[in-house]
Amino acid sequence: MTEPPRVLLLCGGPSAEHDVSLASARSLLAATGDRVAWVPRVISRRGHWLDARDSHSRLTRAAADDQDEAGATGPRLDIAALAGVDAVFPLLHGPYGEDGRLQGALEVLGVPYVGSSVLASAVGMDKLAMKAVFGEAALPQVAYRGVTRHRWRTQREAVDAELDGLGWPAFVKPANLGSSIGIVRVAGRAEREAAIEGAFGHDRRVIVEAAATGARELEVAVLGLDDPRTSVVGEIHTDAAFYDYAAKYTPGAARLDVPADLPARVADACRAYARRAFLAIDGAGLARVDLFWQPEHDALWVNEINTMPGFTETSMFPRLWAASGLAYPDLALHLIELARTAR
Ligand SMILES: Nc1ncnc2c1ncn2[C@@H]1O[C@H](COP(=O)(O)OP(=O)(O)O)[C@@H](O)[C@H]1O
Ligand SMILES: [Mg+2]
């Protein structure tokens, strides 16, 4: 029997998805047993790498707590933790772990890692860059405009006129974040102004886009390198006005339907767009591509790509693969293999 690969599992991290990341890591550790020689390390909310002992205790406490914030410190990058590992699995969501920063550090250190490169991670995280790249790849997207804080402060009238052209309702989003944080659905100028001001509290760049009203939210998982595979299509159902932070992270607030009950031609188009979106950003390893389908107009739009989607056993990405014939532990092993494959 061959030796199991030794893999540094990075989780937690300084983003709003810290707890989601820990949940994903616990799920992965439990499911893969001794098929992987895991070296789990938790990164605190402030970006300190906890040592092996603190990481272990953080991961074995089921309840989220902020013990790691109290006294815990550690290096901002623990090079010693990387010694002798075959690969790193950066199971981190949002800025820092999913936007190319950590990937850049790993590139500098010459360690293979699961998932997208620096460029693809950064493009996937920045909604304005992502939309520009998707536009170049002729992917269908709702109408949108980007606004910088500087332009908002200095050319308000021109910006307002431009944004009015998107119609109502509209969605206001910080360019770089995720988890629906700072995202507001607006139905008039006053609401839009307040939402834009709020979004500038998170980012210098904001995006305003036309709402896909009455849309069903569909998701496709992508796996591979230069010739990636796509999964069956899943659907998110929520009773909230949209898939906001509470709907995402309150247990029971959203229901995942896998596979989604859809006409075959719509599912096929979703999968084709998902593959094209992955190739457009030059993704690697894994990604989840989210789409909107408006049955009333039979319009299909690509909303976004996530280069490190939620990875608990019951998260959409693993569920889409399970429904496509690839079980959760095998999925994890395959991703580690891909990390070690030269392109
Ligand atoms: N243009 C839009 N039309 C309709 N709903 C939208 C639109 N943009 C965002 N939403 C809603 O807001 C949610 C979060 O937006 P999204 O762009 O996916 O941000 P995040 O990266 O935070 O997940 C979506 O899942 C959807 O429910
Ligand atoms: Mg989203």
# chains A, B, ... in the order shown; residues from 1 in each chain; ligands from 1
$ residues_near_ligand --ligand "ligand 2" --cutoff "10 Å" --atoms "only C-alpha atoms and all ligand atoms" --output "short mmCIF file (atom, residue, chain, number, x, y, z; two decimals) with C-alpha atoms, in the first residue's frame"
data_model
loop_
_atom_site.label_atom_id
_atom_site.label_comp_id
_atom_site.auth_asym_id
_atom_site.auth_seq_id
_atom_site.Cartn_x
_atom_site.Cartn_y
_atom_site.Cartn_z
CA LEU A 177 -16.32 40.11 0.02
CA GLY A 178 -18.71 37.14 -0.17
CA SER A 179 -21.28 35.59 2.18
CA SER A 180 -23.74 38.29 1.05
CA GLU A 217 -30.81 30.15 -7.97
CA GLU A 219 -25.36 26.03 -8.78
CA TYR A 243 -30.00 34.45 -0.27
CA ASP A 244 -28.57 36.78 2.40
CA TYR A 245 -26.17 36.06 5.28
CA LYS A 248 -26.89 31.13 4.22
CA ARG A 288 -18.81 26.34 -7.77
CA VAL A 289 -20.53 28.47 -10.38
CA ASP A 290 -23.82 30.15 -9.38
CA LEU A 291 -26.47 31.11 -11.89
CA ASN A 303 -23.94 35.30 -11.19
CA GLU A 304 -20.55 34.32 -9.81
CA ILE A 305 -17.79 31.77 -9.35
CA ASN A 306 -16.47 30.64 -5.95
CA PRO A 309 -16.89 26.72 -1.99
#
$ select_by_dssp --residues "region 78-286 of chain A" --states "helix (DSSP H, G or I)" --output "number ranges by chain"
A: 79-82, 101-109, 118-125, 127-136, 149-154, 156-164, 189-200, 245-249, 264-281
$ residues_around --residues "His202 (chain A)" --least-positions-apart "2" --cutoff "8 Å" --atoms "only C-alpha atoms" --output "list in words"
Pro174, Leu177, Gly182, Gly198, Ala199, Phe200 and Arg204 of chain A
$ write_last_selection --atoms "N, CA and C atoms" --output "PDB file, in the first residue's frame"
ATOM      1  N   PRO A 174     -20.451  45.232  -2.232  1.00  0.00           N
ATOM      2  CA  PRO A 174     -19.016  45.552  -2.225  1.00  0.00           C
ATOM      3  C   PRO A 174     -18.345  44.646  -3.276  1.00  0.00           C
ATOM      4  N   LEU A 177     -15.981  40.555  -1.327  1.00  0.00           N
ATOM      5  CA  LEU A 177     -16.324  40.111   0.020  1.00  0.00           C
ATOM      6  C   LEU A 177     -16.863  38.686   0.039  1.00  0.00           C
ATOM      7  N   GLY A 182     -22.837  43.023   3.241  1.00  0.00           N
ATOM      8  CA  GLY A 182     -22.877  44.332   2.596  1.00  0.00           C
ATOM      9  C   GLY A 182     -23.766  44.376   1.368  1.00  0.00           C
ATOM     10  N   GLY A 198     -23.056  52.225   2.667  1.00  0.00           N
ATOM     11  CA  GLY A 198     -22.757  51.058   3.508  1.00  0.00           C
ATOM     12  C   GLY A 198     -21.718  50.158   2.861  1.00  0.00           C
ATOM     13  N   ALA A 199     -21.851  49.936   1.577  1.00  0.00           N
ATOM     14  CA  ALA A 199     -20.912  49.056   0.877  1.00  0.00           C
ATOM     15  C   ALA A 199     -19.504  49.666   0.863  1.00  0.00           C
ATOM     16  N   PHE A 200     -19.430  51.002   0.800  1.00  0.00           N
ATOM     17  CA  PHE A 200     -18.105  51.634   0.857  1.00  0.00           C
ATOM     18  C   PHE A 200     -17.442  51.462   2.225  1.00  0.00           C
ATOM     19  N   ARG A 204     -13.459  49.922  -1.350  1.00  0.00           N
ATOM     20  CA  ARG A 204     -13.356  51.158  -2.140  1.00  0.00           C
ATOM     21  C   ARG A 204     -14.169  51.086  -3.415  1.00  0.00           C
TER      22      ARG A 204
END
$ residues_around --residues "region 95-99 of chain A" --least-positions-apart "3" --cutoff "7 Å" --atoms "only C-alpha atoms" --output "list in words"
Pro14, Ser15, Pro90, Leu92, Leu102, Ser121, Ala122, Met125, Leu177, Thr307 and Met308 of chain A
$ write_last_selection --atoms "C-alpha atoms" --output "short mmCIF file (atom, residue, chain, number, x, y, z; two decimals), in the first residue's frame"
data_model
loop_
_atom_site.label_atom_id
_atom_site.label_comp_id
_atom_site.auth_asym_id
_atom_site.auth_seq_id
_atom_site.Cartn_x
_atom_site.Cartn_y
_atom_site.Cartn_z
CA PRO A 14 -9.74 36.15 9.08
CA SER A 15 -13.06 36.28 7.23
CA PRO A 90 -6.40 25.93 1.98
CA LEU A 92 -10.53 29.01 3.69
CA LEU A 102 -2.38 32.92 0.69
CA SER A 121 -8.44 33.20 -6.98
CA ALA A 122 -8.14 36.99 -7.18
CA MET A 125 -13.10 37.05 -5.52
CA LEU A 177 -16.32 40.11 0.02
CA THR A 307 -13.01 29.10 -6.04
CA MET A 308 -13.23 27.59 -2.53
#
$ atom_distance --atom1 "CA of Gln294 (chain A)" --atom2 "CA of Val266 (chain A)"
10.7 Å
$ residues_around --residues "Leu50 (chain A)" --least-positions-apart "5" --cutoff "9 Å" --atoms "only C-alpha atoms" --output "PyMOL selection string"
chain A and resi 41-44+55+68+72-75+78
$ closest_residue --among "A:Leu28, A:Ala210, A:Met316, A:Leu22" --to "Ser57 (chain A)" --atoms "only C-alpha atoms"
A:Leu22
$ residues_around --residues "Val186 (chain A)" --least-positions-apart "2" --cutoff "10 Å" --atoms "only C-alpha atoms" --output "PyMOL selection string"
chain A and resi 168-172+183-184+188-196+208+211
